[in-house]
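A.B. asks: Take a look at this one; I'll ask things after.
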Amino acid sequence: MGKSDAEFLKALLATFKVEAREHVRGISAGLIELEGAVEPERRAAVVEVVFREAHSLKGAARAVNLTVIEGLCQSLESVFAAMKRGELDPSRPVLDRLHRAVDGAERLIEEESPKQPESRALASELGRELGRLLAEAVVPAREAIAAPAQVPDRAESARAEAPAAVEPAPRPAKAEAAAPEGKAAPDETVRIPVSRLEHLLLQTEELLTAKLAVAQRAVELHDVTGELSRWKQERSRAQNAARSIKGSRERGGTSGEQERQDIFEFLEWNDAFAASLESRLHALSQAIDRDERTVSRMVDNLLQGTKQALMLPFATLTEIFPKFVRDLSREQGKDIRLRVVGAATEIDRRILQEIKDPLIHLMRNCVDHGIETPEERKRAGKPAQGTITLNISERDRSKVEVLVSDDGAGIDVARVRKSAAKLGILAADASMSDQEVLPLVFESGVSTSPFITDLSGRGLGLAIVQEKTAKLGGSVRIESAPAKGTTFRLLLPLALATSRGLLVRAAGQSFVVPTNGVERVGAAREDEVQTVENRETVLVGGQAVSLVALEAALELEPKRTEAKPPERFPLVLLGTAERRIAFRVDEILGEQEVLVRGLGPQLERVRNVSGAAVLGTGKVVPVLDVSDLMRSAIRAAAAPRREVPEEPAAAERRSILVVEDSITSRTLLKSILETAGYRVRTATDGFEGFVAVREERFDLVVSDVDMPRMNGFELTAKIRADRKLADVPVVLVTALESREDRERGIDVGANAYIVKSSFDQSNLLGVIKRLL
């Protein structure tokens, strides 16, 4: 097989997997519907649907020569055909066996090579099981049913080599969170309506107008540049004439008539040129303003159109939940029905992906903790079958509310108190109402389950739900009533709004606050600040909220100034879930579009910082993590206010050399150190750093390790080998965290070794302070 044929087959198999997953989901959904009390007409329609799904899957498998899957689908098709003829009743035991067969088909679809002996053995075992299902059917006409197709004969030899018994196919409901270890996740695909693609194409074509306009402005600027060159030549000629006249006068002679004429001609031409240039520049400026507005509108429309193209209905996610709840409830010995409302509501695909795990945790919580067994429900006067409701609805055009509720026993608040007290989160004698205690279920480690199982008892599920929801800029609330059930309310943004931020200044440094976490901005007077329980508060919108200086939350030294403090200071009100905090800042520079970039693997986790933004000026500023910032603010509010230290004189400021090849990490380190009062110079690699440290005196060197030309280990060794530099402290800040790398850092003479994965600016500043 040629290379092009192999690539074509690979692409064809990828397409098959996408189609096959849809057919499997369709069959599973039909089987779950058949488990309910459906009318005969509806039952016949559902059986027809699953029959067609199995038939289509068989045809798709045949097209890519996957005879193992084709044979299994033939067996499924035979069973569904018997149902269509009324020869097989879709009873609960029958549907259970069909579910196992469909799970096996899904496993075969996801395997890298479903032609292996183990896969053939599994398919054959499932085929025989379906054959027994038909044979056991208590129907007089069962002898007339055609025997289900088996895996082709060439699989028989493989079965002889395979084990006689095959483990049941794992249920996909338990393995939906991640791909098997060691295997790459399949390429994601998304279906987009043609109308949306056509709309995007029209918007993209409009950019051609902007392209032509930019080209025209380039021509006009080139013409202006040419005129300026001519002006320089004329000016040079006039200057030469003036120097000639001056020299002639100094010698006592007379000036030449030609030189005087040249000067007069230049002056006249210069006036006309200045007027013409001013007019052309004014026209060019107006044209650029128009182009800027046009391009801005085009980019905004294109961005909005692209976001719309990536909006997907919740149904693409919720279709996995009916089977998930069914399988989980069977394992728990419970009878539970899932009711989904509003699945057609559309939301950003990225949010849909991130909210999948939280919803799975909530479903699992409802099944394991919420709904009782049928016997317990009957004793409580409830129907034996419990109900979980997933309700999705749009709110305020920019939010989506997701309700996950059950009609179970509710949350045992007493157990929540006991678990929280055991962890030290809540004092044993704390006087808190049940409504105040209830949100503690979101704290890590708090669980109402007395046992730890593979499903629950660790107290992590709801903590993950709150953390992931907050990361998306959303919130989660809980309501519960004894014997009536529990409801989780998730409020999510309709789309990720990462392109706008509020630019503020604090401690002499600029920061970007994502607008989706900002409730409002304002100002307050010093006499409006009140102290309640040793914490500063301020009235915002008639409500008292905690007031924390942004520099204190970020653990930065305040910027000392001789200017008189203003009568009013700006503040930014941030909110997550039910918590609101006002942050005092030096200046609010305004809201603007920003280009946000991640910090990369070198700085995977920096407290209070989620990324870096590149402003229109090209300046790189940190983007704050609102969730982290709120937690830091709570700690800062409880700490005593720091006095502003005297800023050292320029001559006393310590100098630090930062050697880092990543521009993002270099900018961040420089910003942290300059804010702390140090004078900083940067170098892009070890070679440039060594040249700098020999040219200029530095009190300390902060260096990365993995860099081109000369790495951090080599740079440290060279510094230690130089008698003039041997005493300069070196701090290595690197992503290399193995024991061998740490030992090598010590061997070459580094004074400190900080791993970027656990990087914290306070740790870095503390290390530098000790070394200096």
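How things are named: the first chain in the structure tokens is A, the next is B, and so on; residues count from 1 in each chain; ligands count from 1 in the order shown.
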If you run DSSP on the backbone, which residues of stretch 179-416 of chain A are alpha helix (DSSP H), as a ChimeraX atom specification?

C.D. replies: /A:194-250,257-309,315-318,321-331,349-354,356-365,374-379,413-416

A.B. asks: What lies within 12 Å of A:Arg62 using only C-alpha atoms, ignoring chain neighbours under 4 positions off, as a list in words?

C.D. replies: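 My list of contacting residues is Leu13, Phe16, Ala20, His55, Ser56, Leu57, Lys58, Leu66, Thr67, Val68, Ile69, Glu70, Gly71, Leu72, Cys73 and Gln74 of chain A.
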
A.B. asks: Now that the selection is made, can you save its residues with all heavy atoms as a short mmCIF file (atom, residue, chain, number, x, y, z; two decimals), in the first residue's frame?

C.D. replies:
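Contents of out25.cif, as written:
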```cif
data_model
loop_
_atom_site.label_atom_id
_atom_site.label_comp_id
_atom_site.auth_asym_id
_atom_site.auth_seq_id
_atom_site.Cartn_x
_atom_site.Cartn_y
_atom_site.Cartn_z
N LEU A 13 -10.96 5.91 8.16
CA LEU A 13 -11.26 5.30 9.47
C LEU A 13 -11.67 6.35 10.49
O LEU A 13 -12.55 6.12 11.32
CB LEU A 13 -10.05 4.51 9.96
CG LEU A 13 -9.78 3.18 9.26
CD1 LEU A 13 -8.44 2.60 9.70
CD2 LEU A 13 -10.90 2.18 9.55
N PHE A 16 -15.15 7.19 9.77
CA PHE A 16 -16.02 6.10 10.22
C PHE A 16 -16.29 6.18 11.72
O PHE A 16 -17.42 5.96 12.16
CB PHE A 16 -15.37 4.76 9.87
CG PHE A 16 -15.95 3.59 10.63
CD1 PHE A 16 -17.20 3.07 10.28
CD2 PHE A 16 -15.28 3.03 11.71
CE1 PHE A 16 -17.76 2.02 10.99
CE2 PHE A 16 -15.83 1.98 12.42
CZ PHE A 16 -17.06 1.47 12.06
N ALA A 20 -19.79 6.25 13.38
CA ALA A 20 -20.16 5.09 14.19
C ALA A 20 -20.59 5.51 15.59
O ALA A 20 -21.54 4.93 16.15
CB ALA A 20 -18.99 4.12 14.26
N HIS A 55 -28.43 -1.07 11.05
CA HIS A 55 -28.20 -1.36 9.64
C HIS A 55 -27.18 -0.38 9.04
O HIS A 55 -26.27 -0.78 8.30
CB HIS A 55 -29.53 -1.27 8.88
CG HIS A 55 -29.39 -1.56 7.41
ND1 HIS A 55 -29.26 -2.85 6.91
CD2 HIS A 55 -29.36 -0.72 6.33
CE1 HIS A 55 -29.15 -2.79 5.59
NE2 HIS A 55 -29.21 -1.52 5.21
N SER A 56 -27.32 0.90 9.38
CA SER A 56 -26.38 1.90 8.87
C SER A 56 -24.97 1.68 9.41
O SER A 56 -23.98 1.85 8.68
CB SER A 56 -26.87 3.31 9.23
OG SER A 56 -28.14 3.58 8.65
N LEU A 57 -24.87 1.31 10.68
CA LEU A 57 -23.57 1.04 11.26
C LEU A 57 -22.91 -0.16 10.58
O LEU A 57 -21.69 -0.17 10.33
CB LEU A 57 -23.70 0.80 12.77
CG LEU A 57 -22.41 0.50 13.54
CD1 LEU A 57 -21.39 1.60 13.34
CD2 LEU A 57 -22.70 0.30 15.02
N LYS A 58 -23.71 -1.16 10.27
CA LYS A 58 -23.19 -2.34 9.57
C LYS A 58 -22.62 -1.95 8.20
O LYS A 58 -21.53 -2.38 7.82
CB LYS A 58 -24.30 -3.38 9.40
CG LYS A 58 -23.84 -4.65 8.69
CD LYS A 58 -24.99 -5.61 8.49
CE LYS A 58 -25.93 -5.11 7.40
NZ LYS A 58 -26.97 -6.11 7.05
N LEU A 66 -14.19 -3.51 8.22
CA LEU A 66 -14.15 -3.93 9.63
C LEU A 66 -15.20 -5.02 9.81
O LEU A 66 -16.30 -4.80 10.32
CB LEU A 66 -14.40 -2.75 10.55
CG LEU A 66 -13.31 -1.68 10.57
CD1 LEU A 66 -13.67 -0.54 11.51
CD2 LEU A 66 -11.96 -2.28 10.97
N THR A 67 -14.85 -6.23 9.39
CA THR A 67 -15.82 -7.33 9.40
C THR A 67 -16.23 -7.74 10.81
O THR A 67 -17.31 -8.31 11.00
CB THR A 67 -15.21 -8.54 8.67
OG1 THR A 67 -13.95 -8.88 9.28
CG2 THR A 67 -14.99 -8.23 7.20
N VAL A 68 -15.37 -7.50 11.80
CA VAL A 68 -15.70 -7.83 13.18
C VAL A 68 -16.92 -7.03 13.62
O VAL A 68 -17.89 -7.57 14.17
CB VAL A 68 -14.50 -7.54 14.10
CG1 VAL A 68 -14.90 -7.74 15.56
CG2 VAL A 68 -13.35 -8.47 13.76
N ILE A 69 -16.89 -5.73 13.38
CA ILE A 69 -18.01 -4.87 13.76
C ILE A 69 -19.21 -5.15 12.86
O ILE A 69 -20.36 -5.15 13.31
CB ILE A 69 -17.59 -3.39 13.67
CG1 ILE A 69 -16.44 -3.11 14.64
CG2 ILE A 69 -18.77 -2.47 13.96
CD1 ILE A 69 -15.87 -1.71 14.54
N GLU A 70 -18.94 -5.43 11.61
CA GLU A 70 -20.04 -5.73 10.67
C GLU A 70 -20.83 -6.95 11.14
O GLU A 70 -22.07 -6.96 11.13
CB GLU A 70 -19.47 -5.96 9.28
CG GLU A 70 -20.52 -6.31 8.24
CD GLU A 70 -19.90 -6.76 6.92
OE1 GLU A 70 -18.66 -6.66 6.78
OE2 GLU A 70 -20.66 -7.23 6.04
N GLY A 71 -20.12 -8.01 11.55
CA GLY A 71 -20.80 -9.21 12.00
C GLY A 71 -21.64 -8.97 13.24
O GLY A 71 -22.76 -9.48 13.37
N LEU A 72 -21.11 -8.20 14.21
CA LEU A 72 -21.86 -7.90 15.42
C LEU A 72 -23.12 -7.09 15.10
O LEU A 72 -24.18 -7.32 15.67
CB LEU A 72 -20.97 -7.14 16.41
CG LEU A 72 -21.60 -6.76 17.75
CD1 LEU A 72 -22.14 -7.99 18.47
CD2 LEU A 72 -20.59 -6.03 18.63
N CYS A 73 -22.97 -6.14 14.19
CA CYS A 73 -24.14 -5.33 13.80
C CYS A 73 -25.19 -6.19 13.10
O CYS A 73 -26.39 -5.95 13.25
CB CYS A 73 -23.70 -4.19 12.89
SG CYS A 73 -22.74 -2.94 13.73
N GLN A 74 -24.76 -7.21 12.36
CA GLN A 74 -25.70 -8.12 11.71
C GLN A 74 -26.52 -8.85 12.76
O GLN A 74 -27.74 -9.05 12.62
CB GLN A 74 -24.94 -9.12 10.84
CG GLN A 74 -25.83 -10.15 10.14
CD GLN A 74 -26.77 -9.50 9.14
OE1 GLN A 74 -26.34 -8.70 8.31
NE2 GLN A 74 -28.05 -9.83 9.21
#
```

A.B. asks: For A:Glu346, which residue among A:Phe314, A:Phe324, A:Phe442, A:Phe273 is the nearest when counting only C-alpha atoms?

C.D. replies: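 Among the listed residues, A:Phe314 lies closest to A:Glu346.
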
A.B. asks: Pick from A:Thr316, A:Gln761, A:Ser447, A:Thr716: nearest to A:Leu669, with only C-alpha atoms counted?

C.D. replies: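 The shortest atom-to-atom distance to A:Leu669 comes from A:Gln761.
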
A.B. asks: Write out as a compact mmCIF listing (two decimals) with C-alpha atoms, in the first residue's frame the residues lying within 8 Å of A:Phe80, counting only C-alpha atoms and excluding same-chain residues fewer than 2 positions away.

C.D. replies:
```txt
# COMPACT_ATOMS: atom_id res chain seq x y z
CA VAL A 47 -37.69 -0.17 17.19
CA GLU A 48 -37.65 0.98 13.58
CA VAL A 50 -32.71 1.39 16.28
CA PHE A 51 -33.02 -1.17 13.48
CA LEU A 76 -28.07 -6.76 16.43
CA GLU A 77 -30.02 -6.19 13.25
CA SER A 78 -31.50 -9.70 13.49
CA ALA A 82 -37.48 -9.93 15.46
CA MET A 83 -38.80 -7.08 17.58
CA LYS A 84 -40.25 -5.43 14.48
```

A.B. asks: What separation in Å, quoted to one decimal, exists between atom CA of A:Gly104 and atom CA of A:Ala121?

C.D. replies: 11.2 Å

A.B. asks: Skipping near chain neighbours, those fewer than 2 positions away, what residues fall within 8 Å of A:Phe698 using only C-alpha atoms, listed as a PDB file with N, CA, C and O atoms, in the first residue's frame?

C.D. replies:
```pdb
ATOM      1  N   ARG A 654      19.273  47.714  44.655  1.00  0.00           N
ATOM      2  CA  ARG A 654      20.038  46.549  44.219  1.00  0.00           C
ATOM      3  C   ARG A 654      19.712  46.231  42.758  1.00  0.00           C
ATOM      4  O   ARG A 654      18.575  46.385  42.312  1.00  0.00           O
ATOM      5  N   SER A 655      20.707  45.760  42.028  1.00  0.00           N
ATOM      6  CA  SER A 655      20.516  45.456  40.613  1.00  0.00           C
ATOM      7  C   SER A 655      20.506  43.940  40.412  1.00  0.00           C
ATOM      8  O   SER A 655      21.295  43.207  41.015  1.00  0.00           O
ATOM      9  N   ILE A 656      19.593  43.483  39.550  1.00  0.00           N
ATOM     10  CA  ILE A 656      19.428  42.053  39.285  1.00  0.00           C
ATOM     11  C   ILE A 656      19.426  41.831  37.777  1.00  0.00           C
ATOM     12  O   ILE A 656      18.788  42.578  37.025  1.00  0.00           O
ATOM     13  N   LEU A 657      20.124  40.803  37.358  1.00  0.00           N
ATOM     14  CA  LEU A 657      20.126  40.400  35.951  1.00  0.00           C
ATOM     15  C   LEU A 657      19.185  39.205  35.798  1.00  0.00           C
ATOM     16  O   LEU A 657      19.367  38.184  36.474  1.00  0.00           O
ATOM     17  N   VAL A 693      26.958  40.316  32.570  1.00  0.00           N
ATOM     18  CA  VAL A 693      27.453  40.285  33.942  1.00  0.00           C
ATOM     19  C   VAL A 693      28.938  40.664  34.011  1.00  0.00           C
ATOM     20  O   VAL A 693      29.445  41.078  35.066  1.00  0.00           O
ATOM     21  N   GLU A 696      28.759  44.805  33.470  1.00  0.00           N
ATOM     22  CA  GLU A 696      28.087  45.620  34.482  1.00  0.00           C
ATOM     23  C   GLU A 696      28.018  44.842  35.792  1.00  0.00           C
ATOM     24  O   GLU A 696      27.897  43.608  35.791  1.00  0.00           O
ATOM     25  N   LEU A 700      22.798  40.259  41.929  1.00  0.00           N
ATOM     26  CA  LEU A 700      22.252  38.903  41.902  1.00  0.00           C
ATOM     27  C   LEU A 700      21.842  38.572  40.470  1.00  0.00           C
ATOM     28  O   LEU A 700      21.487  39.462  39.690  1.00  0.00           O
ATOM     29  N   VAL A 701      21.877  37.275  40.132  1.00  0.00           N
ATOM     30  CA  VAL A 701      21.459  36.800  38.804  1.00  0.00           C
ATOM     31  C   VAL A 701      20.326  35.801  38.982  1.00  0.00           C
ATOM     32  O   VAL A 701      20.449  34.849  39.775  1.00  0.00           O
ATOM     33  N   VAL A 728      28.854  36.505  43.254  1.00  0.00           N
ATOM     34  CA  VAL A 728      27.522  36.959  42.850  1.00  0.00           C
ATOM     35  C   VAL A 728      26.517  35.822  43.038  1.00  0.00           C
ATOM     36  O   VAL A 728      26.694  34.739  42.467  1.00  0.00           O
TER      37      VAL A 728
END
```

A.B. asks: What is the atom CA of A:Ile32 to atom CA of A:Ala45 distance in Å?

C.D. replies: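 Between atom CA of A:Ile32 and atom CA of A:Ala45 the gap works out to 13.8 Å.
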
A.B. asks: Pick out the closest residue to A:Pro514 from this set: A:Leu130, A:Met710, A:Ala613, A:Leu764. Count only C-alpha atoms.

C.D. replies: A:Ala613

A.B. asks: Atom CA of A:Val504 to atom CA of A:Ile634: how many Å, to one decimal?

C.D. replies: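 Pair atom CA of A:Val504 / atom CA of A:Ile634 returns 20.2 Å.
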
A.B. asks: Any idea what's packed within 8 Å of stretch 213-226 of chain A, counting only C-alpha atoms, ignoring anything in its chain fewer than 3 positions away? Could you give it as number ranges by chain?

C.D. replies: A: 209-210, 229-230, 277, 284, 288, 291
